[in-house]
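Asker: Got a structure for you, target18.cif, holding mmCIF, C-alpha atoms and all ligand atoms.
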```cif
data_protein
loop_
_atom_site.label_atom_id
_atom_site.label_comp_id
_atom_site.auth_asym_id
_atom_site.auth_seq_id
_atom_site.Cartn_x
_atom_site.Cartn_y
_atom_site.Cartn_z
CA MET A 1 71.80 10.92 -70.60
CA LYS A 2 69.94 12.99 -67.99
CA VAL A 3 68.47 11.21 -64.97
CA LEU A 4 65.76 12.83 -62.85
CA VAL A 5 65.31 11.47 -59.32
CA ALA A 6 62.39 12.27 -57.00
CA VAL A 7 63.23 12.50 -53.30
CA LYS A 8 60.69 12.93 -50.53
CA ARG A 9 61.31 14.30 -47.04
CA VAL A 10 59.64 11.93 -44.58
CA VAL A 11 59.66 11.17 -40.85
CA ASP A 12 62.90 9.26 -40.18
CA TYR A 13 62.37 5.49 -40.15
CA ASN A 14 63.78 5.24 -36.60
CA VAL A 15 61.14 7.58 -35.15
CA LYS A 16 58.14 6.08 -33.39
CA VAL A 17 55.36 8.18 -34.83
CA ARG A 18 52.59 9.66 -32.68
CA VAL A 19 49.09 10.29 -33.91
CA ARG A 20 47.73 13.81 -33.25
CA SER A 21 45.15 13.87 -30.47
CA ASP A 22 42.39 14.99 -32.87
CA GLY A 23 43.11 11.99 -35.15
CA SER A 24 43.79 14.28 -38.12
CA GLY A 25 47.20 12.78 -38.88
CA VAL A 26 50.68 12.13 -37.55
CA ASP A 27 52.45 14.68 -35.34
CA VAL A 28 55.58 15.85 -37.15
CA ALA A 29 56.45 18.78 -34.86
CA ASN A 30 60.05 18.45 -33.58
CA VAL A 31 60.41 15.04 -35.21
CA LYS A 32 63.57 13.97 -37.07
CA MET A 33 62.98 14.04 -40.83
CA SER A 34 65.12 12.28 -43.47
CA MET A 35 65.13 11.27 -47.09
CA ASN A 36 62.71 8.44 -47.85
CA PRO A 37 64.95 5.31 -47.80
CA PHE A 38 63.80 4.10 -51.25
CA ASP A 39 64.72 7.52 -52.65
CA GLU A 40 68.23 7.24 -51.24
CA ILE A 41 68.51 4.04 -53.25
CA ALA A 42 67.19 5.91 -56.31
CA VAL A 43 69.81 8.66 -55.91
CA GLU A 44 72.57 6.08 -55.36
CA GLU A 45 71.57 4.25 -58.55
CA ALA A 46 71.57 7.45 -60.61
CA VAL A 47 74.95 8.53 -59.19
CA ARG A 48 76.44 5.10 -59.98
CA MET A 49 75.17 5.55 -63.56
CA LYS A 50 77.00 8.85 -63.72
CA GLU A 51 80.17 7.34 -62.25
CA THR A 52 80.17 4.58 -64.87
CA GLY A 53 79.61 7.06 -67.69
CA VAL A 54 76.05 5.92 -68.45
CA ALA A 55 74.50 9.18 -67.19
CA THR A 56 75.80 12.69 -67.80
CA GLU A 57 73.68 14.61 -65.29
CA VAL A 58 71.68 13.69 -62.19
CA ILE A 59 68.92 16.12 -61.19
CA VAL A 60 67.05 15.65 -57.92
CA VAL A 61 63.62 17.06 -57.23
CA SER A 62 61.61 17.33 -54.04
CA CYS A 63 58.10 18.71 -53.63
CA GLY A 64 57.04 20.17 -50.32
CA VAL A 65 58.02 22.61 -47.58
CA THR A 66 61.15 24.80 -47.58
CA GLN A 67 62.99 22.28 -45.36
CA CYS A 68 63.01 19.81 -48.29
CA GLN A 69 66.15 21.77 -49.24
CA GLU A 70 67.99 19.69 -46.61
CA THR A 71 66.87 16.49 -48.32
CA LEU A 72 68.02 17.85 -51.67
CA ARG A 73 71.42 18.83 -50.20
CA THR A 74 71.81 15.26 -48.90
CA ALA A 75 71.03 13.95 -52.39
CA MET A 76 73.67 16.27 -53.82
CA ALA A 77 76.14 15.08 -51.16
CA ILE A 78 75.55 11.52 -52.44
CA GLY A 79 76.51 12.88 -55.86
CA ALA A 80 73.56 14.49 -57.67
CA ASP A 81 74.56 17.52 -59.76
CA ARG A 82 71.70 19.94 -59.15
CA ALA A 83 68.38 20.18 -57.41
CA ILE A 84 64.89 21.56 -57.88
CA LEU A 85 62.60 22.32 -54.96
CA VAL A 86 58.95 22.63 -55.92
CA GLU A 87 57.85 24.52 -52.85
CA SER A 88 54.40 24.08 -51.37
CA ALA A 89 53.21 24.64 -47.83
CA GLU A 90 50.30 22.25 -48.39
CA ASP A 91 50.59 18.48 -48.05
CA LEU A 92 50.98 17.13 -51.57
CA GLN A 93 49.17 13.95 -52.49
CA PRO A 94 50.71 11.42 -54.92
CA LEU A 95 48.61 12.70 -57.87
CA ALA A 96 49.79 16.28 -57.29
CA VAL A 97 53.44 15.13 -57.09
CA ALA A 98 53.00 13.02 -60.24
CA LYS A 99 51.62 16.07 -62.10
CA ILE A 100 54.55 18.21 -60.92
CA LEU A 101 57.04 15.54 -62.02
CA LYS A 102 55.28 15.24 -65.40
CA ALA A 103 55.72 19.01 -65.91
CA LEU A 104 59.41 18.69 -65.00
CA VAL A 105 59.83 15.73 -67.36
CA ASP A 106 58.44 17.94 -70.15
CA LYS A 107 60.84 20.73 -69.19
CA GLU A 108 64.02 18.76 -68.49
CA GLN A 109 63.53 15.87 -70.96
CA PRO A 110 65.37 13.23 -68.86
CA SER A 111 66.00 9.79 -70.39
CA LEU A 112 65.27 8.11 -67.09
CA VAL A 113 63.17 9.07 -64.07
CA ILE A 114 63.88 7.13 -60.87
CA LEU A 115 61.54 7.20 -57.86
CA GLY A 116 61.23 5.12 -54.72
CA LYS A 117 58.64 2.34 -54.89
CA GLN A 118 56.87 3.96 -51.97
CA ALA A 119 57.21 6.72 -49.43
CA ILE A 120 57.41 5.28 -45.92
CA ASP A 121 55.07 7.93 -44.51
CA ASP A 122 51.98 7.43 -46.67
CA ASP A 123 52.89 3.98 -48.10
CA SER A 124 50.93 4.97 -51.20
CA ASN A 125 53.07 3.29 -53.87
CA GLN A 126 51.34 5.46 -56.50
CA THR A 127 53.50 8.34 -57.66
CA GLY A 128 55.77 6.47 -60.11
CA GLN A 129 52.86 4.69 -61.72
CA MET A 130 50.81 7.89 -62.04
CA LEU A 131 53.79 9.75 -63.50
CA ALA A 132 54.34 7.04 -66.12
CA ALA A 133 50.67 7.18 -67.07
CA LEU A 134 50.52 11.00 -67.23
CA ALA A 135 53.74 11.23 -69.25
CA GLY A 136 52.91 8.25 -71.47
CA LEU A 137 56.21 6.56 -70.53
CA PRO A 138 57.02 2.87 -70.04
CA GLN A 139 57.49 1.91 -66.38
CA ALA A 140 59.22 -0.79 -64.37
CA THR A 141 58.31 -0.79 -60.70
CA PHE A 142 60.13 -2.46 -57.76
CA ALA A 143 63.46 -2.64 -59.62
CA ALA A 144 66.10 -4.95 -58.12
CA LYS A 145 68.59 -4.40 -60.99
CA VAL A 146 68.79 -1.78 -63.74
CA VAL A 147 71.12 -1.92 -66.76
CA VAL A 148 71.01 0.90 -69.32
CA SER A 149 72.47 0.49 -72.80
CA ASP A 150 71.59 1.25 -76.43
CA GLY A 151 68.62 3.45 -75.54
CA LYS A 152 67.03 0.73 -73.42
CA ALA A 153 66.77 -0.08 -69.73
CA THR A 154 66.74 -3.72 -68.73
CA VAL A 155 65.09 -4.03 -65.35
CA SER A 156 64.87 -7.10 -63.11
CA ARG A 157 62.06 -7.03 -60.60
CA GLU A 158 61.22 -9.46 -57.87
CA VAL A 159 57.79 -10.96 -58.20
CA ASP A 160 56.03 -13.71 -56.26
CA GLY A 161 57.99 -16.90 -56.78
CA GLY A 162 60.84 -15.49 -58.87
CA SER A 163 62.22 -12.63 -60.86
CA GLU A 164 60.90 -10.92 -63.97
CA THR A 165 63.10 -9.06 -66.48
CA LEU A 166 61.67 -6.21 -68.55
CA SER A 167 63.14 -4.23 -71.41
CA LEU A 168 62.00 -0.60 -71.63
CA THR A 169 62.65 1.89 -74.38
CA LEU A 170 63.96 5.15 -72.95
CA PRO A 171 62.69 7.58 -71.77
CA ALA A 172 61.18 5.52 -68.97
CA VAL A 173 60.16 5.53 -65.32
CA VAL A 174 61.73 3.13 -62.81
CA THR A 175 60.85 2.72 -59.13
CA THR A 176 63.35 1.21 -56.70
CA ASP A 177 63.10 -1.81 -54.44
CA LEU A 178 65.33 -2.39 -51.40
CA ARG A 179 67.62 -4.85 -53.18
CA LEU A 180 68.68 -2.48 -55.96
CA ASN A 181 71.76 -1.23 -54.09
CA GLU A 182 73.14 -0.16 -50.74
CA PRO A 183 73.41 3.64 -50.59
CA ARG A 184 76.80 5.05 -49.59
CA TYR A 185 77.36 7.11 -46.45
CA VAL A 186 77.71 10.79 -47.20
CA THR A 187 81.12 12.16 -46.27
CA LEU A 188 81.79 15.56 -44.73
CA PRO A 189 83.75 16.86 -47.77
CA ASN A 190 80.83 15.87 -50.01
CA ILE A 191 78.36 17.60 -47.66
CA MET A 192 80.49 20.75 -47.99
CA LYS A 193 80.66 20.40 -51.78
CA ALA A 194 76.88 19.91 -51.95
CA LYS A 195 76.33 23.32 -50.36
CA LYS A 196 77.78 24.94 -53.50
CA LYS A 197 75.71 22.95 -56.00
CA PRO A 198 72.76 24.72 -57.69
CA LEU A 199 69.34 24.48 -56.03
CA GLU A 200 66.46 26.11 -57.90
CA THR A 201 63.19 26.87 -56.07
CA ILE A 202 59.92 27.10 -57.98
CA LYS A 203 56.21 26.86 -57.14
CA PRO A 204 53.69 24.36 -58.54
CA ALA A 205 51.91 27.32 -60.21
CA ASP A 206 55.12 28.09 -62.17
CA LEU A 207 54.64 24.68 -63.78
CA GLY A 208 50.92 25.29 -64.27
CA VAL A 209 50.02 22.43 -61.93
CA ASP A 210 46.89 22.30 -59.78
CA VAL A 211 47.90 20.60 -56.53
CA ALA A 212 44.51 20.79 -54.80
CA PRO A 213 43.95 17.59 -52.77
CA ARG A 214 41.63 14.99 -54.30
CA LEU A 215 41.45 12.85 -51.16
CA LYS A 216 40.38 13.73 -47.63
CA THR A 217 41.80 11.90 -44.62
CA LEU A 218 38.88 11.06 -42.36
CA ARG A 219 40.70 9.60 -39.39
CA VAL A 220 44.11 8.31 -38.32
CA VAL A 221 44.33 5.94 -35.35
CA GLU A 222 47.17 4.21 -33.50
CA PRO A 223 47.44 0.45 -33.99
CA PRO A 224 45.63 -1.47 -31.21
CA LYS A 225 47.78 -2.12 -28.12
CA ARG A 226 49.00 -5.70 -27.78
CA SER A 227 47.44 -7.50 -24.84
CA ALA A 228 49.80 -8.79 -22.15
CA GLY A 229 51.28 -12.29 -22.58
CA ALA A 230 50.99 -15.15 -20.07
CA MET A 231 53.73 -17.41 -18.69
CA VAL A 232 53.23 -21.16 -18.97
CA PRO A 233 55.11 -23.63 -16.73
CA ASP A 234 55.96 -26.19 -19.43
CA VAL A 235 55.39 -27.30 -23.03
CA LYS A 236 52.46 -29.49 -22.01
CA ALA A 237 50.63 -26.49 -20.57
CA LEU A 238 51.46 -24.46 -23.69
CA VAL A 239 50.02 -27.11 -26.01
CA GLU A 240 46.92 -27.33 -23.81
CA LYS A 241 46.39 -23.56 -23.98
CA LEU A 242 46.93 -23.53 -27.77
CA LYS A 243 44.26 -26.24 -28.05
CA THR A 244 41.66 -25.00 -25.62
CA GLU A 245 42.13 -21.21 -25.45
CA ALA A 246 43.74 -20.05 -28.70
CA LYS A 247 42.14 -22.99 -30.59
CA VAL A 248 44.93 -22.99 -33.15
CA LEU A 249 45.81 -26.70 -32.83
P1 LIG B 301 54.29 7.29 -52.84
O1 LIG B 301 53.55 7.07 -54.11
O2 LIG B 301 53.78 8.47 -52.04
O3 LIG B 301 54.41 6.03 -51.99
O4 LIG B 301 55.78 7.72 -53.24
C1 LIG B 301 56.56 6.98 -54.17
C2 LIG B 301 57.78 7.79 -54.60
O5 LIG B 301 57.37 9.00 -55.25
C3 LIG B 301 58.70 8.25 -53.49
O6 LIG B 301 59.60 7.22 -53.10
C4 LIG B 301 59.42 9.43 -54.15
O7 LIG B 301 60.43 8.98 -55.04
C5 LIG B 301 58.29 10.04 -54.98
N1 LIG B 301 57.60 11.11 -54.21
C6 LIG B 301 56.43 11.01 -53.53
N2 LIG B 301 56.13 12.19 -52.94
C7 LIG B 301 57.14 13.05 -53.24
C8 LIG B 301 57.44 14.42 -52.93
N3 LIG B 301 56.63 15.15 -52.17
N4 LIG B 301 58.58 14.95 -53.43
C9 LIG B 301 59.41 14.23 -54.21
N5 LIG B 301 59.19 12.94 -54.54
C10 LIG B 301 58.08 12.35 -54.06
#
```
Translate the structure of the given file into structure tokens.
Ligand code: AMP

Answerer:
Amino acid sequence: MKVLVAVKRVVDYNVKVRVRSDGSGVDVANVKMSMNPFDEIAVEEAVRMKETGVATEVIVVSCGVTQCQETLRTAMAIGADRAILVESAEDLQPLAVAKILKALVDKEQPSLVILGKQAIDDDSNQTGQMLAALAGLPQATFAAKVVVSDGKATVSREVDGGSETLSLTLPAVVTTDLRLNEPRYVTLPNIMKAKKKPLETIKPADLGVDVAPRLKTLRVVEPPKRSAGAMVPDVKALVEKLKTEAKVL
């Protein structure tokens, strides 16, 4: 069984992002970039499937600038077998990425496609769902557990007030939630091995995909600054302030 995993290069989650002075977006110049954390979980899950004999090949794909190669090498250091970079200098919106992935699903015919539930830069939470719709595949989003057997994937997902279990006929699309697994640390020998694994670079046009943006960002602003706090001498004064000033009691 082939597993295709989508990995996005995003601003590292430890970085405090700055908004560009013209409000056109976030400044990514000289900022540390990493694999989207949900995608690390997706790669880990696929590699575990290979290690337990459920999967035979794990292919990772990233869409974006040349530097996405680094993200793909990290995915191969976790254990993916080969990588595809769909290179584009333009910012790709979720619909464009979903169309690219649909073309790759047609080409590679994976039994399972695993994506993160959302990319931490745009927080769109759209690509997996759009891919499933475009490819006509069943989908289970926010997976907390995935078991594959007999041509089916059984997926548990956390929902408000409990857990829901779905059965999907393969091929299918799954998006990962935080609880699915804890990704391993990549080791130096595996980083070295990953350098020798195959990485193919193609363009969206090679797949016949139109990646022109369908949305326009009007404005990006920093969150409002928090106003300074005030010290109160005792609990009585605090309760008084909560009653008379904050009016929450
Ligand atoms: P989003 O819909 O943008 O929140 O992204 C959801 C998931 O889609 C991510 O966790 C990735 O698995 C995948 N994805 C989104 N953008 C890209 C990209 N440029 N390259 C590869 N995978 C992507």

Asker: Tell me which of A:Gln129, A:Asn14, A:Ser149, A:Gln109 sits closest to A:Pro94, counting only C-alpha atoms.

Answerer: A:Gln129

Asker: Neighbouring residues of ligand LIG 301 (chain B) are defined here as those with any atom at most 9 Å from a ligand atom, counting only C-alpha atoms and all ligand atoms; list them as a PyMOL selection string.

Answerer: chain A and resi 5-10+36-40+42+60-65+68+85-86+91-98+101+114-130+175-176

Asker: For the point (65.2, 5.8, -70.3) in file coordinates, what residues are within 9 Å, counting only C-alpha atoms? Give the answer as a PyMOL selection string?

Answerer: chain A and resi 1-3+110-113+138+148+151-153+168-174

Asker: Please determine, counting only C-alpha atoms, which residue among A:Val11, A:Ala77, A:Leu215, A:Val209 has the shortest atom-to-atom distance to A:Lys197.

Answerer: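 Using only C-alpha atoms, A:Lys197 sits closest to A:Ala77.
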
Asker: Can you work out the spacing between atom CA of A:Ser163 and atom CA of A:Arg179 in Å, to one decimal?

Answerer: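 Taking atom CA of A:Ser163 and atom CA of A:Arg179, their separation equals 12.2 Å.
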
Asker: Compare A:Leu207, A:Tyr13, A:Val146, A:Glu240 by their minimum atom-to-atom distance to A:Met49, counting all atoms listed in the file, and give me the closest one.

Answerer: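 Checking each of A:Leu207, A:Tyr13, A:Val146, A:Glu240 against A:Met49, counting all atoms listed in the file, the winner is A:Val146.
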
Asker: Pull the neighbourhood of (72.7, 13.9, -61.6) for me: all residues within 6 Å in file coordinates, counting only C-alpha atoms, as a PyMOL selection string.

Answerer: chain A and resi 57-59+80-81

Asker: Here is a test: counting all atoms listed in the file, which residue of A:Ala194, A:Leu4, A:Ala228, A:Ala144 is nearest to A:Thr71?

Answerer: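 Ranked by minimum distance to A:Thr71, first place goes to A:Ala194.
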
Asker: Quote the spacing between atom CA of A:Lys203 and atom CA of A:Ser88 in Å to one decimal place.

Answerer: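 The value is 6.7 Å.
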
Asker: Restricting the calculation to only C-alpha atoms: of A:Gly25, A:Gly53, A:Pro183, A:Gly162, which residue gets closest to A:Thr74?

Answerer: A:Pro183
